[in-house]
Every structure is written in structure tokens, then in C-alpha cells.
file my_file-v9.pdb (PDB, C-alpha atoms)
ATOM      1  CA  MET A 128      46.668 -20.444 -74.407  1.00  0.00           C
ATOM      2  CA  HIS A 129      43.186 -19.285 -73.420  1.00  0.00           C
ATOM      3  CA  LYS A 130      42.181 -22.904 -72.722  1.00  0.00           C
ATOM      4  CA  PHE A 131      45.252 -23.339 -70.502  1.00  0.00           C
ATOM      5  CA  TYR A 132      44.266 -20.382 -68.295  1.00  0.00           C
ATOM      6  CA  MET A 133      40.690 -21.638 -68.118  1.00  0.00           C
ATOM      7  CA  LEU A 134      41.975 -25.053 -67.030  1.00  0.00           C
ATOM      8  CA  ILE A 135      44.171 -23.502 -64.311  1.00  0.00           C
ATOM      9  CA  PHE A 136      41.265 -21.325 -63.122  1.00  0.00           C
ATOM     10  CA  THR A 137      38.952 -24.355 -62.925  1.00  0.00           C
ATOM     11  CA  ILE A 138      41.508 -26.369 -60.947  1.00  0.00           C
ATOM     12  CA  VAL A 139      42.010 -23.517 -58.457  1.00  0.00           C
ATOM     13  CA  VAL A 140      38.242 -23.121 -57.942  1.00  0.00           C
ATOM     14  CA  LEU A 141      37.819 -26.873 -57.393  1.00  0.00           C
ATOM     15  CA  CYS A 142      40.684 -26.944 -54.896  1.00  0.00           C
ATOM     16  CA  LEU A 143      39.278 -24.022 -52.925  1.00  0.00           C
ATOM     17  CA  SER A 144      35.834 -25.584 -52.785  1.00  0.00           C
ATOM     18  CA  CYS A 145      37.333 -28.722 -51.245  1.00  0.00           C
ATOM     19  CA  VAL A 146      38.940 -26.852 -48.317  1.00  0.00           C
ATOM     20  CA  LYS A 147      37.017 -27.621 -45.106  1.00  0.00           C
ATOM     21  CA  GLU A 148      36.198 -24.821 -42.732  1.00  0.00           C
ATOM     22  CA  PRO A 149      37.482 -25.286 -39.185  1.00  0.00           C
ATOM     23  CA  PRO A 150      34.934 -26.385 -36.561  1.00  0.00           C
ATOM     24  CA  CYS A 151      33.468 -23.938 -34.026  1.00  0.00           C
ATOM     25  CA  THR A 152      35.970 -25.027 -31.395  1.00  0.00           C
ATOM     26  CA  ASN A 153      39.401 -26.564 -31.606  1.00  0.00           C
ATOM     27  CA  ASP A 154      38.225 -29.922 -30.299  1.00  0.00           C
ATOM     28  CA  GLY A 155      35.061 -30.051 -32.417  1.00  0.00           C
ATOM     29  CA  LYS A 156      32.720 -29.898 -29.410  1.00  0.00           C
ATOM     30  CA  PRO A 157      29.990 -27.311 -28.722  1.00  0.00           C
ATOM     31  CA  ASN A 158      30.890 -24.045 -27.070  1.00  0.00           C
ATOM     32  CA  VAL A 159      29.442 -23.470 -23.591  1.00  0.00           C
ATOM     33  CA  SER A 160      27.774 -20.214 -22.524  1.00  0.00           C
ATOM     34  CA  ASN A 161      27.047 -19.745 -18.797  1.00  0.00           C
ATOM     35  CA  VAL A 162      24.989 -17.149 -16.953  1.00  0.00           C
ATOM     36  CA  LYS A 163      27.248 -14.289 -15.868  1.00  0.00           C
ATOM     37  CA  GLU A 164      27.988 -14.163 -12.152  1.00  0.00           C
ATOM     38  CA  VAL A 165      26.867 -10.511 -12.011  1.00  0.00           C
ATOM     39  CA  ASP A 166      23.409 -11.650 -13.218  1.00  0.00           C
ATOM     40  CA  ARG A 167      23.293 -14.646 -10.875  1.00  0.00           C
ATOM     41  CA  LEU A 168      23.953 -12.327  -7.930  1.00  0.00           C
ATOM     42  CA  LYS A 169      20.652 -10.529  -8.625  1.00  0.00           C
ATOM     43  CA  ILE A 170      18.867 -13.554  -7.117  1.00  0.00           C
ATOM     44  CA  PRO A 171      18.962 -13.601  -3.284  1.00  0.00           C
ATOM     45  CA  TYR A 172      17.797 -17.208  -2.826  1.00  0.00           C
ATOM     46  CA  HIS A 173      20.115 -20.062  -1.912  1.00  0.00           C
ATOM     47  CA  SER A 174      19.237 -23.684  -2.565  1.00  0.00           C
ATOM     48  CA  PHE A 175      16.291 -24.797  -0.400  1.00  0.00           C
ATOM     49  CA  ALA A 176      15.203 -21.265   0.496  1.00  0.00           C
ATOM     50  CA  GLU A 177      11.733 -20.845   2.052  1.00  0.00           C
ATOM     51  CA  LEU A 178       9.347 -18.156   0.806  1.00  0.00           C
ATOM     52  CA  THR A 179       6.252 -17.247   2.845  1.00  0.00           C
ATOM     53  CA  PHE A 180       3.400 -15.418   1.107  1.00  0.00           C
ATOM     54  CA  ILE A 181      -0.048 -14.323   2.237  1.00  0.00           C
ATOM     55  CA  ASP A 182      -3.028 -14.328  -0.099  1.00  0.00           C
ATOM     56  CA  SER A 183      -4.366 -10.777   0.175  1.00  0.00           C
ATOM     57  CA  ILE A 184      -7.925 -11.962  -0.587  1.00  0.00           C
ATOM     58  CA  THR A 185      -8.327 -15.055   1.612  1.00  0.00           C
ATOM     59  CA  LEU A 186      -5.567 -14.065   4.075  1.00  0.00           C
ATOM     60  CA  ASP A 187      -4.264 -17.636   3.934  1.00  0.00           C
ATOM     61  CA  THR A 188      -0.519 -18.040   4.432  1.00  0.00           C
ATOM     62  CA  HIS A 189       1.462 -20.309   2.090  1.00  0.00           C
ATOM     63  CA  VAL A 190       5.043 -21.433   2.569  1.00  0.00           C
ATOM     64  CA  PHE A 191       6.981 -22.383  -0.579  1.00  0.00           C
ATOM     65  CA  TYR A 192       9.977 -24.692  -0.163  1.00  0.00           C
ATOM     66  CA  GLY A 193      12.856 -24.459  -2.619  1.00  0.00           C
ATOM     67  CA  GLN A 194      14.005 -27.743  -4.110  1.00  0.00           C
ATOM     68  CA  GLY A 195      17.576 -26.601  -4.780  1.00  0.00           C
ATOM     69  CA  TRP A 196      19.156 -24.909  -7.775  1.00  0.00           C
ATOM     70  CA  LYS A 197      19.387 -27.103 -10.877  1.00  0.00           C
ATOM     71  CA  GLN A 198      21.787 -26.419 -13.727  1.00  0.00           C
ATOM     72  CA  ASN A 199      21.067 -27.756 -17.194  1.00  0.00           C
ATOM     73  CA  TYR A 200      21.925 -26.836 -20.765  1.00  0.00           C
ATOM     74  CA  TRP A 201      20.047 -26.561 -24.030  1.00  0.00           C
ATOM     75  CA  HIS A 202      21.685 -26.587 -27.441  1.00  0.00           C
ATOM     76  CA  TYR A 203      21.617 -23.326 -29.363  1.00  0.00           C
ATOM     77  CA  PHE A 204      22.260 -23.691 -33.076  1.00  0.00           C
ATOM     78  CA  ASN A 205      22.208 -20.733 -35.434  1.00  0.00           C
ATOM     79  CA  GLN A 206      23.692 -21.588 -38.794  1.00  0.00           C
ATOM     80  CA  ASP A 207      22.909 -18.072 -40.058  1.00  0.00           C
ATOM     81  CA  GLN A 208      25.432 -16.702 -37.612  1.00  0.00           C
ATOM     82  CA  ASN A 209      28.208 -18.917 -39.037  1.00  0.00           C
ATOM     83  CA  PRO A 210      27.127 -21.124 -41.929  1.00  0.00           C
ATOM     84  CA  HIS A 211      30.198 -23.340 -41.488  1.00  0.00           C
ATOM     85  CA  CYS A 212      29.614 -23.977 -37.779  1.00  0.00           C
ATOM     86  CA  TYR A 213      27.794 -27.232 -37.135  1.00  0.00           C
ATOM     87  CA  TYR A 214      28.434 -27.501 -33.410  1.00  0.00           C
ATOM     88  CA  GLY A 215      26.598 -24.552 -31.886  1.00  0.00           C
ATOM     89  CA  THR A 216      26.574 -23.561 -28.208  1.00  0.00           C
ATOM     90  CA  ASN A 217      25.291 -25.207 -25.045  1.00  0.00           C
ATOM     91  CA  CYS A 218      23.418 -22.482 -23.106  1.00  0.00           C
ATOM     92  CA  GLU A 219      22.905 -22.652 -19.344  1.00  0.00           C
ATOM     93  CA  VAL A 220      19.481 -23.014 -17.718  1.00  0.00           C
ATOM     94  CA  TYR A 221      19.618 -22.188 -13.977  1.00  0.00           C
ATOM     95  CA  ARG A 222      16.363 -22.802 -12.068  1.00  0.00           C
ATOM     96  CA  GLN A 223      14.846 -23.572  -8.689  1.00  0.00           C
ATOM     97  CA  THR A 224      11.327 -24.920  -8.128  1.00  0.00           C
ATOM     98  CA  PHE A 225       9.388 -23.816  -5.046  1.00  0.00           C
ATOM     99  CA  THR A 226       6.500 -26.020  -3.917  1.00  0.00           C
ATOM    100  CA  SER A 227       3.911 -25.537  -1.183  1.00  0.00           C
ATOM    101  CA  LEU A 228       1.867 -28.033   0.820  1.00  0.00           C
ATOM    102  CA  THR A 229      -1.074 -25.585   0.854  1.00  0.00           C
ATOM    103  CA  TYR A 230      -0.895 -23.903  -2.552  1.00  0.00           C
ATOM    104  CA  PRO A 231      -1.689 -25.816  -5.761  1.00  0.00           C
ATOM    105  CA  ASP A 232       0.883 -24.206  -8.078  1.00  0.00           C
ATOM    106  CA  ALA A 233       4.641 -24.505  -7.956  1.00  0.00           C
ATOM    107  CA  ILE A 234       6.755 -21.431  -8.601  1.00  0.00           C
ATOM    108  CA  ILE A 235       9.680 -21.956 -10.971  1.00  0.00           C
ATOM    109  CA  PHE A 236      12.243 -19.189 -10.727  1.00  0.00           C
ATOM    110  CA  GLY A 237      15.621 -18.673 -12.347  1.00  0.00           C
ATOM    111  CA  ILE A 238      17.722 -17.421 -15.230  1.00  0.00           C
ATOM    112  CA  ASP A 239      17.861 -18.941 -18.703  1.00  0.00           C
ATOM    113  CA  LEU A 240      20.201 -18.039 -21.508  1.00  0.00           C
ATOM    114  CA  VAL A 241      17.858 -17.505 -24.445  1.00  0.00           C
ATOM    115  CA  ARG A 242      20.935 -17.349 -26.705  1.00  0.00           C
ATOM    116  CA  PRO A 243      24.682 -17.248 -25.991  1.00  0.00           C
ATOM    117  CA  GLY A 244      25.415 -14.363 -23.627  1.00  0.00           C
ATOM    118  CA  ASN A 245      21.768 -13.181 -23.556  1.00  0.00           C
ATOM    119  CA  ALA A 246      20.080 -13.934 -20.202  1.00  0.00           C
ATOM    120  CA  GLU A 247      16.438 -13.752 -19.143  1.00  0.00           C
ATOM    121  CA  MET A 248      15.345 -13.829 -15.499  1.00  0.00           C
ATOM    122  CA  PHE A 249      11.900 -15.359 -15.132  1.00  0.00           C
ATOM    123  CA  LEU A 250       9.171 -16.595 -12.840  1.00  0.00           C
ATOM    124  CA  SER A 251       6.837 -19.247 -14.183  1.00  0.00           C
ATOM    125  CA  LEU A 252       3.593 -20.653 -12.793  1.00  0.00           C
ATOM    126  CA  SER A 253       0.340 -21.904 -14.264  1.00  0.00           C
ATOM    127  CA  TYR A 254      -0.898 -18.355 -14.944  1.00  0.00           C
ATOM    128  CA  GLY A 255       2.020 -17.575 -17.222  1.00  0.00           C
ATOM    129  CA  ARG A 256       5.673 -16.717 -17.501  1.00  0.00           C
ATOM    130  CA  PHE A 257       7.001 -13.383 -16.269  1.00  0.00           C
ATOM    131  CA  THR A 258      10.396 -12.178 -17.466  1.00  0.00           C
ATOM    132  CA  ILE A 259      12.971  -9.425 -17.288  1.00  0.00           C
ATOM    133  CA  ALA A 260      16.480  -9.095 -18.665  1.00  0.00           C
ATOM    134  CA  PRO A 261      18.893  -9.041 -15.687  1.00  0.00           C
ATOM    135  CA  ILE A 262      20.528  -5.951 -17.159  1.00  0.00           C
ATOM    136  CA  SER A 263      17.158  -4.166 -16.718  1.00  0.00           C
ATOM    137  CA  ILE A 264      17.175  -4.772 -12.965  1.00  0.00           C
ATOM    138  CA  GLY A 265      18.587  -1.646 -11.427  1.00  0.00           C
ATOM    139  CA  PHE A 266      18.412   2.101 -11.747  1.00  0.00           C
ATOM    140  CA  PRO A 267      16.085   3.527 -12.943  1.00  0.00           C
ATOM    141  CA  TYR A 268      13.706   1.309 -10.959  1.00  0.00           C
ATOM    142  CA  ASN A 269       9.987   0.967 -11.592  1.00  0.00           C
ATOM    143  CA  TYR A 270       9.454   2.028  -7.965  1.00  0.00           C
ATOM    144  CA  ASP A 271      12.013   3.679  -5.681  1.00  0.00           C
ATOM    145  CA  SER A 272      10.035   2.243  -2.762  1.00  0.00           C
ATOM    146  CA  LEU A 273       6.930   0.110  -2.412  1.00  0.00           C
ATOM    147  CA  VAL A 274       4.928  -0.795   0.737  1.00  0.00           C
ATOM    148  CA  ILE A 275       3.890  -4.452   0.838  1.00  0.00           C
ATOM    149  CA  ARG A 276       2.312  -5.901   3.989  1.00  0.00           C
ATOM    150  CA  ASN A 277       3.409  -2.879   6.035  1.00  0.00           C
ATOM    151  CA  SER A 278       7.023  -3.362   4.973  1.00  0.00           C
ATOM    152  CA  THR A 279       8.765  -0.817   2.791  1.00  0.00           C
ATOM    153  CA  HIS A 280      10.905  -2.290   0.032  1.00  0.00           C
ATOM    154  CA  LYS A 281      13.409  -0.176  -1.868  1.00  0.00           C
ATOM    155  CA  ASN A 282      14.456  -0.325  -5.524  1.00  0.00           C
ATOM    156  CA  VAL A 283      11.618  -2.437  -6.921  1.00  0.00           C
ATOM    157  CA  ASP A 284      11.439  -3.706 -10.500  1.00  0.00           C
ATOM    158  CA  LEU A 285       8.687  -5.506 -12.396  1.00  0.00           C
ATOM    159  CA  LEU A 286       8.807  -8.819 -14.207  1.00  0.00           C
ATOM    160  CA  PHE A 287       6.440  -8.535 -17.154  1.00  0.00           C
ATOM    161  CA  ASN A 288       3.938 -11.145 -18.298  1.00  0.00           C
ATOM    162  CA  ASN A 289       4.752 -12.422 -21.773  1.00  0.00           C
ATOM    163  CA  PHE A 290       2.370 -15.373 -21.657  1.00  0.00           C
ATOM    164  CA  GLN A 291       0.677 -15.416 -25.065  1.00  0.00           C
ATOM    165  CA  SER A 292      -2.975 -16.041 -24.256  1.00  0.00           C
ATOM    166  CA  GLU A 293      -6.183 -14.220 -23.406  1.00  0.00           C
ATOM    167  CA  ASN A 294      -4.753 -13.807 -19.877  1.00  0.00           C
ATOM    168  CA  ALA A 295      -1.833 -11.708 -21.094  1.00  0.00           C
ATOM    169  CA  ASN A 296      -2.469  -8.330 -19.531  1.00  0.00           C
ATOM    170  CA  LYS A 297      -0.117  -5.603 -18.362  1.00  0.00           C
ATOM    171  CA  LYS A 298      -2.032  -5.384 -15.073  1.00  0.00           C
ATOM    172  CA  TYR A 299      -0.435  -8.658 -14.014  1.00  0.00           C
ATOM    173  CA  PHE A 300       3.039  -8.256 -12.562  1.00  0.00           C
ATOM    174  CA  ILE A 301       5.674  -9.761 -10.361  1.00  0.00           C
ATOM    175  CA  PHE A 302       7.213  -7.132  -8.068  1.00  0.00           C
ATOM    176  CA  TYR A 303      10.865  -7.894  -7.362  1.00  0.00           C
ATOM    177  CA  ASN A 304      14.042  -6.531  -5.836  1.00  0.00           C
ATOM    178  CA  VAL A 305      17.507  -8.012  -5.452  1.00  0.00           C
ATOM    179  CA  THR A 306      17.400  -7.847  -1.629  1.00  0.00           C
ATOM    180  CA  ASP A 307      14.187  -9.771  -0.940  1.00  0.00           C
ATOM    181  CA  GLY A 308      13.450 -11.407  -4.297  1.00  0.00           C
ATOM    182  CA  ILE A 309       9.786 -11.887  -5.184  1.00  0.00           C
ATOM    183  CA  LEU A 310       7.759  -9.290  -3.282  1.00  0.00           C
ATOM    184  CA  LYS A 311       4.313  -9.623  -4.806  1.00  0.00           C
ATOM    185  CA  ILE A 312       2.611 -11.846  -7.382  1.00  0.00           C
ATOM    186  CA  GLN A 313      -0.300  -9.865  -8.790  1.00  0.00           C
ATOM    187  CA  LEU A 314      -2.564 -11.885 -11.089  1.00  0.00           C
ATOM    188  CA  LYS A 315      -6.165 -11.872 -12.213  1.00  0.00           C
ATOM    189  CA  GLU A 316      -7.535 -14.182  -9.527  1.00  0.00           C
ATOM    190  CA  ILE A 317      -4.886 -13.932  -6.827  1.00  0.00           C
ATOM    191  CA  THR A 318      -2.420 -11.612  -5.166  1.00  0.00           C
ATOM    192  CA  LEU A 319       0.341 -13.207  -3.107  1.00  0.00           C
ATOM    193  CA  GLU A 320       2.386 -10.840  -0.968  1.00  0.00           C
ATOM    194  CA  LEU A 321       5.699 -11.632   0.679  1.00  0.00           C
ATOM    195  CA  VAL A 322       5.686 -12.067   4.445  1.00  0.00           C
ATOM    196  CA  SER A 323       9.236 -13.341   4.764  1.00  0.00           C
ATOM    197  CA  TYR A 324      11.904 -15.501   3.199  1.00  0.00           C
ATOM    198  CA  LYS A 325      14.837 -17.344   4.665  1.00  0.00           C
ATOM    199  CA  ASN A 326      17.903 -19.016   3.303  1.00  0.00           C
ATOM    200  CA  PRO A 327      19.212 -22.187   4.944  1.00  0.00           C
TER     201      PRO A 327
END

call {"tool": "encode", "arguments": {"input": "my_file-v9.pdb", "output": "C-alpha cells"}}
result
Amino acid sequence: MHKFYMLIFTIVVLCLSCVKEPPCTNDGKPNVSNVKEVDRLKIPYHSFAELTFIDSITLDTHVFYGQGWKQNYWHYFNQDQNPHCYYGTNCEVYRQTFTSLTYPDAIIFGIDLVRPGNAEMFLSLSYGRFTIAPISIGFPYNYDSLVIRNSTHKNVDLLFNNFQSENANKKYFIFYNVTDGILKIQLKEITLELVSYKNP
């Protein structure tokens, strides 16, 4: 009798081990995670916006021309989150590149999903990558007001440098607000200050 129960137990265990877990989605394709509209609205620039900065050291003016917003996806896969999920999530990358005829570096600006539902606003150029979580933009601000080029800007936040090199230094910032966008790029060798921007 004992052997009979052991046989039944073994059969049940084998049957349960053969049951396949359902895929991550009903159709077996990756989930898609997009940047929330409330976060996207924290960027004032349209496609092909023009940003004009002045170099506070040389006093040269540089106009940066937006190349249009580009939407791409990267595949996020975290088997630890669900060990039976082999499809993962496609996470949105939303960026615009700004180039200048007089300045050597392009400015890449946008919002990436670093994981599903977790966004990071960033500015990237050759000196490093500066980031902030969109949820951190807003009250309390780093500065209630800030004067840049004789213009007073309200509700200013900072994008912090997380570039892992000898240049990583908390003195280097991007000053930003949701009304005017990038206000000031303060780096070791340069300081670019916003003169104006326009959307097409």
C-alpha cells in the first residue's frame, strides 16, 4: 500500500512539472512600456526646435538645430522578476539631437525608460551625461528663481552629472525648467547660457 501511494505521489509531481507557465502576454510577444505623457510634457521642445546659447567666456553665440524627436525601443529582460517570463518588455527611448554649425559637440536630449515604468530625463554631450528623474522636476525646486543673461527664470531644477570618470564633479550642472528647457550648461571648460529658443 505504501508503494502505491509513493507511485501516485511521483506521478502527480511529474505531471505538475510538465505544466508550462503562460507567457508574459497573451499573444507571446513582449510587453511595451512607453514614457508617461505627464513626463513627456516636462520637455518644452517640439521637433526641430532651435536653441541659442552664448558662451560666457568667449561670448560667441551658438545656435543648435533640433533634428526631430526619434522614438525607439530597447528590450528589458529581468528573469528574476518572473522566472517563467521569457519575453520581457520593450522600453521606449525618446530623444532629439541638437547640432550646431559653430559648436563642435551635439546635444542629445530626451527621456529614456531605464526599466518598465521608470523614466530618466537626460542631456548627453561629450563631457558626460546629466540626468534627473522626471518625478523630481517640480516643487521643491533647486532654485525658486535664477538670473541667466539678465533674464529671470522661475522654478529651476538641476540635472546631475553621473558620468563615471575623473570629470565627474558636482560643480558641473545643467540648469533646467519646464518652461524654457535647458537654461545653462555649466562644465569644467565651458559655460553655455540660454539666449533664446523657438519651436517651429

call {"tool": "residues_around", "arguments": {"input": "my_file-v9.pdb", "residues": "Tyr324 (chain A)", "least_positions_apart": "4", "cutoff": "10 Å", "atoms": "all atoms listed in the file", "output": "PyMOL selection string"}}
result
chain A and resi 171-172+176-180+190-192+307-310

call {"tool": "resolve_selection", "arguments": {"input": "my_file-v9.pdb", "expression": "the PyMOL selection byres ((chain A and resi 275-288) around 8)", "output": "PDB file with C-alpha atoms, in the frame of the given file"}}
result
ATOM      1  CA  PHE A 249      11.900 -15.359 -15.132  1.00  0.00           C
ATOM      2  CA  LEU A 250       9.171 -16.595 -12.840  1.00  0.00           C
ATOM      3  CA  GLY A 255       2.020 -17.575 -17.222  1.00  0.00           C
ATOM      4  CA  ARG A 256       5.673 -16.717 -17.501  1.00  0.00           C
ATOM      5  CA  PHE A 257       7.001 -13.383 -16.269  1.00  0.00           C
ATOM      6  CA  THR A 258      10.396 -12.178 -17.466  1.00  0.00           C
ATOM      7  CA  ILE A 259      12.971  -9.425 -17.288  1.00  0.00           C
ATOM      8  CA  ILE A 264      17.175  -4.772 -12.965  1.00  0.00           C
ATOM      9  CA  GLY A 265      18.587  -1.646 -11.427  1.00  0.00           C
ATOM     10  CA  PHE A 266      18.412   2.101 -11.747  1.00  0.00           C
ATOM     11  CA  TYR A 268      13.706   1.309 -10.959  1.00  0.00           C
ATOM     12  CA  ASN A 269       9.987   0.967 -11.592  1.00  0.00           C
ATOM     13  CA  TYR A 270       9.454   2.028  -7.965  1.00  0.00           C
ATOM     14  CA  ASP A 271      12.013   3.679  -5.681  1.00  0.00           C
ATOM     15  CA  SER A 272      10.035   2.243  -2.762  1.00  0.00           C
ATOM     16  CA  LEU A 273       6.930   0.110  -2.412  1.00  0.00           C
ATOM     17  CA  VAL A 274       4.928  -0.795   0.737  1.00  0.00           C
ATOM     18  CA  ASN A 289       4.752 -12.422 -21.773  1.00  0.00           C
ATOM     19  CA  PHE A 290       2.370 -15.373 -21.657  1.00  0.00           C
ATOM     20  CA  ALA A 295      -1.833 -11.708 -21.094  1.00  0.00           C
ATOM     21  CA  ASN A 296      -2.469  -8.330 -19.531  1.00  0.00           C
ATOM     22  CA  LYS A 297      -0.117  -5.603 -18.362  1.00  0.00           C
ATOM     23  CA  TYR A 299      -0.435  -8.658 -14.014  1.00  0.00           C
ATOM     24  CA  PHE A 300       3.039  -8.256 -12.562  1.00  0.00           C
ATOM     25  CA  ILE A 301       5.674  -9.761 -10.361  1.00  0.00           C
ATOM     26  CA  PHE A 302       7.213  -7.132  -8.068  1.00  0.00           C
ATOM     27  CA  TYR A 303      10.865  -7.894  -7.362  1.00  0.00           C
ATOM     28  CA  ASN A 304      14.042  -6.531  -5.836  1.00  0.00           C
ATOM     29  CA  LEU A 310       7.759  -9.290  -3.282  1.00  0.00           C
ATOM     30  CA  LYS A 311       4.313  -9.623  -4.806  1.00  0.00           C
ATOM     31  CA  GLU A 320       2.386 -10.840  -0.968  1.00  0.00           C
ATOM     32  CA  LEU A 321       5.699 -11.632   0.679  1.00  0.00           C
ATOM     33  CA  VAL A 322       5.686 -12.067   4.445  1.00  0.00           C
TER      34      VAL A 322
END

call {"tool": "atom_distance", "arguments": {"input": "my_file-v9.pdb", "atom1": "CA of Arg242 (chain A)", "atom2": "CA of Trp196 (chain A)"}}
result
20.5 Å

call {"tool": "atom_distance", "arguments": {"input": "my_file-v9.pdb", "atom1": "CA of Ala233 (chain A)", "atom2": "CA of Ser253 (chain A)"}}
result
8.1 Å

call {"tool": "atom_distance", "arguments": {"input": "my_file-v9.pdb", "atom1": "CA of Tyr200 (chain A)", "atom2": "CA of Ser227 (chain A)"}}
result
26.6 Å

call {"tool": "residues_near_point", "arguments": {"input": "my_file-v9.pdb", "point": "(25.0, -20.0, -22.3)", "cutoff": "8 Å", "atoms": "all atoms listed in the file", "output": "MDAnalysis selection string"}}
result
chainID A and resid 159:162 200 216:220 240:245

call {"tool": "closest_residue", "arguments": {"input": "my_file-v9.pdb", "among": "A:Tyr254, A:Ser263, A:Asn158, A:His173", "to": "Arg222 (chain A)", "atoms": "only C-alpha atoms"}}
result
A:His173

call {"tool": "closest_residue", "arguments": {"input": "my_file-v9.pdb", "among": "A:Ser174, A:Gln198, A:Ser183, A:Gln313", "to": "Ile238 (chain A)", "atoms": "all atoms listed in the file"}}
result
A:Gln198

call {"tool": "closest_residue", "arguments": {"input": "my_file-v9.pdb", "among": "A:Lys197, A:Arg167, A:His202, A:His189", "to": "Ala260 (chain A)", "atoms": "all atoms listed in the file"}}
result
A:Arg167

call {"tool": "build_atoms", "arguments": {"input": "my_file-v9.pdb", "residues": "region 276-283 of chain A", "atoms": "all heavy atoms", "output": "short mmCIF file (atom, residue, chain, number, x, y, z; two decimals), in the coordinates of the input"}}
result
data_model
loop_
_atom_site.label_atom_id
_atom_site.label_comp_id
_atom_site.auth_asym_id
_atom_site.auth_seq_id
_atom_site.Cartn_x
_atom_site.Cartn_y
_atom_site.Cartn_z
N ARG A 276 2.54 -5.31 2.67
CA ARG A 276 2.31 -5.90 3.99
C ARG A 276 2.99 -5.10 5.08
O ARG A 276 3.69 -5.64 5.94
CB ARG A 276 2.80 -7.35 4.04
CG ARG A 276 1.97 -8.33 3.26
CD ARG A 276 0.72 -8.70 4.02
NE ARG A 276 -0.45 -8.51 3.17
CZ ARG A 276 -1.69 -8.55 3.61
NH1 ARG A 276 -1.95 -8.73 4.87
NH2 ARG A 276 -2.69 -8.37 2.79
N ASN A 277 2.85 -3.80 5.03
CA ASN A 277 3.41 -2.88 6.04
C ASN A 277 4.93 -2.85 6.07
O ASN A 277 5.52 -2.33 7.02
CB ASN A 277 2.86 -3.21 7.43
CG ASN A 277 1.36 -3.04 7.51
OD1 ASN A 277 0.80 -2.11 6.93
ND2 ASN A 277 0.69 -3.95 8.20
N SER A 278 5.56 -3.43 5.07
CA SER A 278 7.02 -3.36 4.97
C SER A 278 7.38 -2.54 3.74
O SER A 278 6.80 -2.73 2.67
CB SER A 278 7.63 -4.76 4.85
OG SER A 278 7.41 -5.49 6.03
N THR A 279 8.32 -1.64 3.91
CA THR A 279 8.76 -0.82 2.79
C THR A 279 9.96 -1.47 2.12
O THR A 279 10.95 -1.80 2.78
CB THR A 279 9.15 0.59 3.27
OG1 THR A 279 8.01 1.19 3.90
CG2 THR A 279 9.60 1.45 2.10
N HIS A 280 9.84 -1.68 0.83
CA HIS A 280 10.90 -2.29 0.03
C HIS A 280 11.45 -1.25 -0.93
O HIS A 280 10.68 -0.53 -1.57
CB HIS A 280 10.38 -3.50 -0.74
CG HIS A 280 9.83 -4.57 0.15
ND1 HIS A 280 10.62 -5.54 0.70
CD2 HIS A 280 8.58 -4.80 0.59
CE1 HIS A 280 9.88 -6.35 1.44
NE2 HIS A 280 8.63 -5.91 1.40
N LYS A 281 12.74 -1.16 -1.01
CA LYS A 281 13.41 -0.18 -1.87
C LYS A 281 13.78 -0.80 -3.21
O LYS A 281 13.97 -2.01 -3.33
CB LYS A 281 14.68 0.35 -1.19
CG LYS A 281 14.44 1.02 0.15
CD LYS A 281 13.77 2.37 -0.02
CE LYS A 281 13.69 3.11 1.31
NZ LYS A 281 13.03 4.41 1.16
N ASN A 282 13.90 0.06 -4.22
CA ASN A 282 14.46 -0.32 -5.52
C ASN A 282 13.75 -1.54 -6.13
O ASN A 282 14.32 -2.61 -6.29
CB ASN A 282 15.95 -0.59 -5.40
CG ASN A 282 16.69 0.59 -4.80
OD1 ASN A 282 16.27 1.73 -4.94
ND2 ASN A 282 17.78 0.31 -4.11
N VAL A 283 12.48 -1.35 -6.45
CA VAL A 283 11.62 -2.44 -6.92
C VAL A 283 11.48 -2.39 -8.44
O VAL A 283 11.20 -1.35 -9.02
CB VAL A 283 10.23 -2.36 -6.25
CG1 VAL A 283 9.30 -3.43 -6.79
CG2 VAL A 283 10.37 -2.46 -4.73
#
